[in-house]
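Note: the block below is entry25.pdb and it holds PDB, C-alpha atoms and all ligand atoms.
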MODEL        1
ATOM      1  CA  MET W   1       0.000   0.000   0.000
ATOM      2  CA  VAL W   2       1.375   3.374  -1.022
ATOM      3  CA  ASP W   3       0.284   6.218   1.263
ATOM      4  CA  ALA W   4       1.840   9.089  -0.544
ATOM      5  CA  PRO W   5       0.129  10.032  -3.748
ATOM      6  CA  GLU W   6       2.221   8.796  -6.626
ATOM      7  CA  SER W   7       2.078  12.180  -8.342
ATOM      8  CA  ALA W   8       3.833  13.787  -5.365
ATOM      9  CA  SER W   9       6.835  11.528  -5.647
ATOM     10  CA  VAL W  10       7.002  12.050  -9.403
ATOM     11  CA  ALA W  11       6.906  15.815  -8.806
ATOM     12  CA  ASP W  12       9.655  15.468  -6.232
ATOM     13  CA  VAL W  13      11.760  13.482  -8.645
ATOM     14  CA  LEU W  14      11.122  15.996 -11.431
ATOM     15  CA  ALA W  15      12.033  18.881  -9.149
ATOM     16  CA  ALA W  16      15.207  17.121  -8.147
ATOM     17  CA  VAL W  17      16.059  16.394 -11.771
ATOM     18  CA  LYS W  18      15.437  20.010 -12.741
ATOM     19  CA  LYS W  19      17.526  21.260  -9.882
ATOM     20  CA  ARG W  20      20.312  18.918 -10.902
ATOM     21  CA  ALA W  21      19.992  19.985 -14.544
ATOM     22  CA  ARG W  22      20.212  23.650 -13.541
ATOM     23  CA  TRP W  23      23.291  22.912 -11.460
ATOM     24  CA  VAL W  24      24.855  21.048 -14.381
ATOM     25  CA  SER W  25      24.052  23.787 -16.887
ATOM     26  CA  GLN W  26      25.448  26.455 -14.562
ATOM     27  CA  HIS W  27      28.640  24.490 -14.248
ATOM     28  CA  VAL W  28      28.833  23.884 -17.983
ATOM     29  CA  ALA W  29      28.438  27.644 -18.547
ATOM     30  CA  ALA W  30      31.187  28.389 -16.036
ATOM     31  CA  ALA W  31      33.464  25.797 -17.632
ATOM     32  CA  LYS W  32      32.789  27.277 -21.069
ATOM     33  CA  ALA W  33      33.652  30.751 -19.775
ATOM     34  CA  ARG W  34      36.930  29.417 -18.422
ATOM     35  CA  LEU W  35      37.650  27.555 -21.646
ATOM     36  CA  ALA W  36      37.046  30.693 -23.705
ATOM     37  CA  HIS W  37      40.496  31.811 -22.531
ATOM     38  CA  VAL W  38      42.301  28.673 -23.624
ATOM     39  CA  LEU W  39      40.427  27.677 -26.775
ATOM     40  CA  PRO W  40      41.952  28.826 -30.060
ATOM     41  CA  ARG W  41      40.632  32.078 -31.432
ATOM     42  CA  GLU W  42      38.238  31.858 -34.341
ATOM     43  CA  TYR W  43      38.966  35.325 -35.739
ATOM     44  CA  VAL W  44      35.333  36.289 -36.109
ATOM     45  CA  SER W  45      33.553  39.578 -35.363
ATOM     46  CA  GLY W  46      32.816  40.076 -31.681
ATOM     47  CA  GLU W  47      35.829  38.211 -30.334
ATOM     48  CA  SER W  48      37.691  40.180 -27.715
ATOM     49  CA  LEU W  49      41.193  41.500 -28.299
ATOM     50  CA  HIS W  50      43.505  43.415 -25.998
ATOM     51  CA  TYR W  51      45.665  46.439 -26.558
ATOM     52  CA  LEU W  52      47.546  48.217 -23.759
ATOM     53  CA  GLY W  53      45.501  46.305 -21.195
ATOM     54  CA  ARG W  54      42.167  47.436 -22.586
ATOM     55  CA  ARG W  55      39.620  45.182 -24.200
ATOM     56  CA  TYR W  56      38.536  45.744 -27.779
ATOM     57  CA  ARG W  57      36.224  43.821 -30.101
ATOM     58  CA  LEU W  58      37.311  42.356 -33.380
ATOM     59  CA  LYS W  59      35.287  43.577 -36.350
ATOM     60  CA  VAL W  60      35.843  41.709 -39.579
ATOM     61  CA  ILE W  61      34.952  43.755 -42.657
ATOM     62  CA  VAL W  62      34.716  41.816 -45.900
ATOM     63  CA  ALA W  63      35.223  44.010 -48.966
ATOM     64  CA  ALA W  64      36.057  42.632 -52.389
ATOM     65  CA  GLY W  65      39.527  43.698 -53.428
ATOM     66  CA  ALA W  66      40.467  44.904 -49.917
ATOM     67  CA  THR W  67      44.041  44.516 -48.722
ATOM     68  CA  ALA W  68      44.157  42.607 -45.445
ATOM     69  CA  GLU W  69      44.722  45.325 -42.890
ATOM     70  CA  ALA W  70      43.907  46.020 -39.243
ATOM     71  CA  ARG W  71      43.182  49.420 -37.727
ATOM     72  CA  MET W  72      41.730  50.740 -34.516
ATOM     73  CA  ARG W  73      38.251  52.228 -34.671
ATOM     74  CA  GLY W  74      36.981  53.321 -31.274
ATOM     75  CA  ALA W  75      36.157  50.220 -29.245
ATOM     76  CA  PHE W  76      36.900  47.989 -32.239
ATOM     77  CA  ILE W  77      39.951  46.679 -33.963
ATOM     78  CA  ALA W  78      38.682  46.424 -37.506
ATOM     79  CA  VAL W  79      40.249  44.034 -39.974
ATOM     80  CA  SER W  80      39.469  44.389 -43.666
ATOM     81  CA  VAL W  81      39.748  41.217 -45.711
ATOM     82  CA  PRO W  82      38.914  40.479 -49.357
ATOM     83  CA  GLU W  83      36.766  37.409 -48.592
ATOM     84  CA  HIS W  84      34.923  35.552 -45.832
ATOM     85  CA  GLY W  85      36.238  32.834 -43.610
ATOM     86  CA  ASP W  86      39.976  33.234 -43.888
ATOM     87  CA  ALA W  87      41.175  33.140 -40.272
ATOM     88  CA  ALA W  88      44.842  32.952 -41.263
ATOM     89  CA  THR W  89      44.603  36.222 -43.226
ATOM     90  CA  ILE W  90      42.844  37.961 -40.330
ATOM     91  CA  ARG W  91      45.414  36.684 -37.877
ATOM     92  CA  GLY W  92      48.213  37.837 -40.171
ATOM     93  CA  ALA W  93      46.734  41.335 -40.391
ATOM     94  CA  LEU W  94      46.358  41.498 -36.587
ATOM     95  CA  ASP W  95      49.917  40.288 -36.008
ATOM     96  CA  ALA W  96      51.209  42.945 -38.418
ATOM     97  CA  TRP W  97      49.182  45.579 -36.557
ATOM     98  CA  TYR W  98      50.419  44.455 -33.122
ATOM     99  CA  ARG W  99      53.979  44.401 -34.441
ATOM    100  CA  GLN W 100      53.678  47.946 -35.793
ATOM    101  CA  ARG W 101      52.118  49.254 -32.574
ATOM    102  CA  ALA W 102      54.849  47.444 -30.586
ATOM    103  CA  ARG W 103      57.644  48.873 -32.734
ATOM    104  CA  GLU W 104      56.500  52.450 -32.130
ATOM    105  CA  LEU W 105      55.525  52.111 -28.488
ATOM    106  CA  PHE W 106      58.481  50.037 -27.282
ATOM    107  CA  ALA W 107      60.940  52.560 -28.759
ATOM    108  CA  VAL W 108      59.291  55.380 -26.807
ATOM    109  CA  ARG W 109      59.024  53.396 -23.565
ATOM    110  CA  LEU W 110      62.567  52.008 -23.810
ATOM    111  CA  ALA W 111      63.948  55.546 -23.986
ATOM    112  CA  ALA W 112      61.783  56.625 -21.019
ATOM    113  CA  VAL W 113      62.586  53.603 -18.834
ATOM    114  CA  ALA W 114      66.309  53.721 -19.653
ATOM    115  CA  ALA W 115      66.674  57.474 -19.035
ATOM    116  CA  PRO W 116      67.277  57.273 -15.236
ATOM    117  CA  LEU W 117      69.512  54.170 -15.461
ATOM    118  CA  ARG W 118      73.116  55.240 -15.014
ATOM    119  CA  TRP W 119      74.554  52.060 -16.550
ATOM    120  CA  VAL W 120      72.728  52.606 -19.854
ATOM    121  CA  LYS W 121      75.021  54.938 -21.794
ATOM    122  CA  GLN W 122      73.213  54.357 -25.057
ATOM    123  CA  LEU W 123      70.048  52.488 -25.893
ATOM    124  CA  PRO W 124      70.701  48.807 -26.620
ATOM    125  CA  PRO W 125      69.790  47.275 -29.982
ATOM    126  CA  THR W 126      66.363  45.670 -29.882
ATOM    127  CA  ARG W 127      64.386  43.352 -32.090
ATOM    128  CA  LEU W 128      60.837  42.054 -32.084
ATOM    129  CA  GLN W 129      60.034  38.384 -32.183
ATOM    130  CA  PHE W 130      56.715  36.609 -31.660
ATOM    131  CA  MET W 131      57.253  34.067 -28.881
ATOM    132  CA  THR W 132      54.774  31.666 -27.329
ATOM    133  CA  VAL W 133      55.745  31.827 -23.659
ATOM    134  CA  GLN W 134      58.259  34.628 -23.237
ATOM    135  CA  TRP W 135      57.956  38.415 -22.953
ATOM    136  CA  GLY W 136      61.526  39.285 -23.661
ATOM    137  CA  SER W 137      65.167  38.343 -23.306
ATOM    138  CA  CYS W 138      68.614  39.911 -23.240
ATOM    139  CA  SER W 139      71.522  38.309 -25.101
ATOM    140  CA  PRO W 140      75.041  38.160 -23.604
ATOM    141  CA  SER W 141      76.048  40.839 -26.134
ATOM    142  CA  GLY W 142      73.286  43.106 -24.796
ATOM    143  CA  ARG W 143      70.670  42.851 -27.521
ATOM    144  CA  ILE W 144      67.123  42.928 -26.198
ATOM    145  CA  THR W 145      64.440  40.801 -27.834
ATOM    146  CA  LEU W 146      60.845  41.751 -27.136
ATOM    147  CA  ASN W 147      57.617  39.916 -27.843
ATOM    148  CA  PRO W 148      55.283  42.204 -29.853
ATOM    149  CA  LEU W 149      52.336  40.566 -28.019
ATOM    150  CA  LEU W 150      53.481  42.454 -24.920
ATOM    151  CA  VAL W 151      51.718  45.446 -26.477
ATOM    152  CA  LYS W 152      48.440  43.786 -25.448
ATOM    153  CA  THR W 153      49.266  44.446 -21.789
ATOM    154  CA  PRO W 154      49.107  47.697 -19.751
ATOM    155  CA  ARG W 155      51.919  50.203 -20.164
ATOM    156  CA  GLU W 156      53.293  49.546 -16.682
ATOM    157  CA  CYS W 157      53.699  45.867 -17.625
ATOM    158  CA  ILE W 158      55.610  46.865 -20.759
ATOM    159  CA  ASP W 159      57.799  49.161 -18.649
ATOM    160  CA  TYR W 160      58.445  46.318 -16.201
ATOM    161  CA  VAL W 161      59.635  43.955 -18.955
ATOM    162  CA  LEU W 162      61.822  46.701 -20.447
ATOM    163  CA  LEU W 163      63.326  47.493 -17.039
ATOM    164  CA  HIS W 164      63.889  43.788 -16.358
ATOM    165  CA  GLU W 165      65.832  43.393 -19.601
ATOM    166  CA  LEU W 166      67.721  46.667 -19.085
ATOM    167  CA  CYS W 167      68.802  45.426 -15.633
ATOM    168  CA  HIS W 168      70.263  42.392 -17.415
ATOM    169  CA  LEU W 169      72.676  44.750 -19.172
ATOM    170  CA  LEU W 170      74.121  45.306 -15.701
ATOM    171  CA  HIS W 171      73.701  41.781 -14.309
ATOM    172  CA  HIS W 172      73.339  38.941 -16.804
ATOM    173  CA  ASN W 173      71.572  36.731 -14.262
ATOM    174  CA  HIS W 174      68.840  36.780 -11.630
ATOM    175  CA  SER W 175      71.215  37.366  -8.735
ATOM    176  CA  PRO W 176      70.346  39.410  -5.630
ATOM    177  CA  LYS W 177      72.160  42.358  -7.243
ATOM    178  CA  PHE W 178      69.918  42.082 -10.282
ATOM    179  CA  TYR W 179      66.840  42.266  -8.038
ATOM    180  CA  GLN W 180      68.365  45.154  -6.092
ATOM    181  CA  ALA W 181      68.576  47.153  -9.315
ATOM    182  CA  LEU W 182      65.028  46.148 -10.275
ATOM    183  CA  ASN W 183      63.691  47.078  -6.817
ATOM    184  CA  ARG W 184      65.417  50.431  -6.844
ATOM    185  CA  HIS W 185      63.890  51.485 -10.140
ATOM    186  CA  MET W 186      60.458  49.832  -9.824
ATOM    187  CA  PRO W 187      59.654  49.171  -6.154
ATOM    188  CA  ASN W 188      56.243  47.642  -7.025
ATOM    189  CA  TRP W 189      57.548  45.362  -9.777
ATOM    190  CA  GLN W 190      56.182  42.208  -8.117
ATOM    191  CA  ALA W 191      52.609  43.499  -8.283
ATOM    192  CA  VAL W 192      53.138  44.528 -11.906
ATOM    193  CA  LYS W 193      54.620  41.120 -12.727
ATOM    194  CA  GLU W 194      51.613  39.443 -11.136
ATOM    195  CA  LYS W 195      49.291  41.496 -13.334
ATOM    196  CA  LEU W 196      51.356  40.468 -16.349
ATOM    197  CA  ASP W 197      51.336  36.793 -15.369
ATOM    198  CA  ASN W 198      47.563  36.911 -14.968
ATOM    199  CA  MET W 199      47.211  38.158 -18.528
ATOM    200  CA  ALA W 200      49.594  35.618 -20.041
ATOM    201  CA  GLU W 201      47.007  32.998 -20.922
ATOM    202  CA  GLU W 202      44.881  35.524 -22.772
ATOM    203  CA  VAL W 203      47.809  37.274 -24.472
ATOM    204  CA  PHE W 204      49.482  34.104 -25.732
ATOM    205  CA  ARG W 205      46.214  32.605 -26.997
ATOM    206  CA  THR W 206      46.327  32.592 -30.778
TER
HETATM  207 ZN    ZN E 301      65.516  37.887 -16.587
ENDMDL
END
Spit out the file's structure as structure tokens when you get a sec.
Ligand SMILES: [Zn+2]
Amino acid sequence: MVDAPESASVADVLAAVKKRARWVSQHVAAAKARLAHVLPREYVSGESLHYLGRRYRLKVIVAAGATAEARMRGAFIAVSVPEHGDAATIRGALDAWYRQRARELFAVRLAAVAAPLRWVKQLPPTRLQFMTVQWGSCSPSGRITLNPLLVKTPRECIDYVLLHELCHLLHHNHSPKFYQALNRHMPNWQAVKEKLDNMAEEVFRT
């Protein structure tokens, strides 16, 4: 003999199932949001892009005969392409744009960051190179290599990387003396580095 009306238990089960389904869908949504940072870019309109630590939206403009080219337009980074669906062309145009922005900005910031450093008698030679996990490096001969993707991060992060590499002109290692120099010229460098590290996943996502 069943005392409880059968419909009640079915309703209970349904409610439990719904609750479970809602929990699952919330978790799937959260997982998707997390994955959005590690999944490859699709290079379609609406995707977010960064420049100097600010978020912009990609706008793909298809125009027959257009030369693949990226330019900033307000809150958008607009990329003109001659035809639909060519992610490689869009990526190429964006890389060229980032590289150009990096070339101009890094030159200005390098001069500014180096100005108070007594051991920098003249600005070191620099080159740009897209790298997948590194912001910059300093060769034993004193040439500084910088990742153009660094231009996606805030200016203080760029300054930190430049200062770090400039300190390597004085100490070609990560010795206590190296950190002394870094501390003296950017006392809050650890907080800036943390900000940079937090952006790495997004910046290096291609
Ligand atoms: Zn170093």
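Distance check against W:Asp197 using only C-alpha atoms: of W:Leu146, W:Val44, W:Val133, W:Ala64, the minimum falls on W:Val133.
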Notebook entry, point to check: Mind telling me what the PyMOL selection byres (((not hetatm)) within 8 of (chain E and resi 301)) catches here, as a PyMOL selection string?
Noted result: chain W and resi 137-138+164-165+168+172-174
Next item on the list: Can you pull out every residue within 10 Å of stretch 86-97 of chain W, counting all atoms listed in the file, but drop anything in the same chain fewer than 2 positions away, and send it as number ranges by chain?
Entry: W: 41-44, 49, 58, 60, 67-72, 77-84, 99-103, 130, 148-149, 206
Note to self: Which residue is closest to W:Leu163? Choose from W:Lys193, W:Arg127, W:Lys121, W:His50 and count only C-alpha atoms.
What the structure shows: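 Ranking W:Lys193, W:Arg127, W:Lys121, W:His50 by distance to W:Leu163, first place goes to W:Lys193.
Across the structure, atom CA of W:Gln129 and atom CA of W:Ala112 are spaced 21.5 Å apart.
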Next item on the list: Please indicate the distance in Å from atom CA of W:Pro140 to atom CA of W:Met186, rounded to one decimal place.
Entry: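 Between atom CA of W:Pro140 and atom CA of W:Met186 the gap is 23.2 Å.
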Notebook entry, point to check: atom CA of W:Leu39 to atom CA of W:Gln190: how many Å, to one decimal?
Noted result: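 Separation between atom CA of W:Leu39 and atom CA of W:Gln190: 28.4 Å.
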Notebook entry, point to check: Pick from W:Asp12, W:Asp159, W:Glu47, W:Glu201: nearest to W:Val108, with only C-alpha atoms counted?
Noted result: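 Closest to W:Val108 of all the choices is W:Asp159.
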Note to self: Using all atoms listed in the file, can you tell me which of W:Ile158, W:Ser139, W:Tyr179, W:Leu169 comes closest to W:Val192?
What the structure shows: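 Among the listed residues, the smallest separation from W:Val192 belongs to W:Ile158.
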Next item on the list: Pick out the residues sitting within 9 Å of W:Leu170, and hand them over as a PyMOL selection string; count only C-alpha atoms, and ignore anything fewer than 4 positions along from it in its own chain.
Entry: chain W and resi 119-120+166+178+181
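The set of residues that the PyMOL selection byres (((chain W and resi 55) around 12) and not hetatm) takes from this file is W:Gly46, W:Glu47, W:Ser48, W:Leu49, W:His50, W:Tyr51, W:Leu52, W:Gly53, W:Arg54, W:Tyr56, W:Arg57, W:Leu58, W:Met72, W:Gly74, W:Ala75, W:Phe76, W:Ile77, W:Lys152, W:Thr153, W:Pro154, W:Met199, W:Glu202, W:Val203.
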Just to be explicit: take each residue in the selection above, keep C-alpha atoms, and write the result as an mmCIF file, keeping the file's coordinate frame.
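Result went into out.cif, see below:
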data_model
loop_
_atom_site.group_PDB
_atom_site.id
_atom_site.type_symbol
_atom_site.label_atom_id
_atom_site.label_comp_id
_atom_site.auth_asym_id
_atom_site.auth_seq_id
_atom_site.Cartn_x
_atom_site.Cartn_y
_atom_site.Cartn_z
ATOM 1 C CA GLY W 46 32.816 40.076 -31.681
ATOM 2 C CA GLU W 47 35.829 38.211 -30.334
ATOM 3 C CA SER W 48 37.691 40.180 -27.715
ATOM 4 C CA LEU W 49 41.193 41.500 -28.299
ATOM 5 C CA HIS W 50 43.505 43.415 -25.998
ATOM 6 C CA TYR W 51 45.665 46.439 -26.558
ATOM 7 C CA LEU W 52 47.546 48.217 -23.759
ATOM 8 C CA GLY W 53 45.501 46.305 -21.195
ATOM 9 C CA ARG W 54 42.167 47.436 -22.586
ATOM 10 C CA TYR W 56 38.536 45.744 -27.779
ATOM 11 C CA ARG W 57 36.224 43.821 -30.101
ATOM 12 C CA LEU W 58 37.311 42.356 -33.380
ATOM 13 C CA MET W 72 41.730 50.740 -34.516
ATOM 14 C CA GLY W 74 36.981 53.321 -31.274
ATOM 15 C CA ALA W 75 36.157 50.220 -29.245
ATOM 16 C CA PHE W 76 36.900 47.989 -32.239
ATOM 17 C CA ILE W 77 39.951 46.679 -33.963
ATOM 18 C CA LYS W 152 48.440 43.786 -25.448
ATOM 19 C CA THR W 153 49.266 44.446 -21.789
ATOM 20 C CA PRO W 154 49.107 47.697 -19.751
ATOM 21 C CA MET W 199 47.211 38.158 -18.528
ATOM 22 C CA GLU W 202 44.881 35.524 -22.772
ATOM 23 C CA VAL W 203 47.809 37.274 -24.472
#
Given 3 Å on each side, where is the centre and what are the edge lengths in Å to one decimal of the axis-aligned box enclosing the listed atoms of stretch 54-60 of chain W, as AutoDock Vina command-line options?
--center_x 38.7 --center_y 44.6 --center_z -31.1 --size_x 12.9 --size_y 11.7 --size_z 23.0
Note to self: Between W:Phe106, W:Ala63, W:Ser9, W:Ala15, which residue has the minimum interatomic distance to W:Val151, considering all atoms listed in the file?
What the structure shows: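 Checking each candidate against W:Val151, we get W:Phe106 as the closest.
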Spatial sel., origin (52.4, 34.3, -27.7), limit 6 Å, all atoms listed in the file, listed as a PDB file with C-alpha atoms, keeping the file's coordinate frame:
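Output (result37.pdb):
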ATOM      1  CA  MET W 131      57.253  34.067 -28.881  1.00  0.00           C
ATOM      2  CA  THR W 132      54.774  31.666 -27.329  1.00  0.00           C
ATOM      3  CA  VAL W 133      55.745  31.827 -23.659  1.00  0.00           C
ATOM      4  CA  PHE W 204      49.482  34.104 -25.732  1.00  0.00           C
TER       5      PHE W 204
END
Item checked: Given only C-alpha atoms as the counted atoms, nearest of W:His171, W:Pro176, W:Pro40, W:Cys157 to W:Glu194 -> W:Cys157
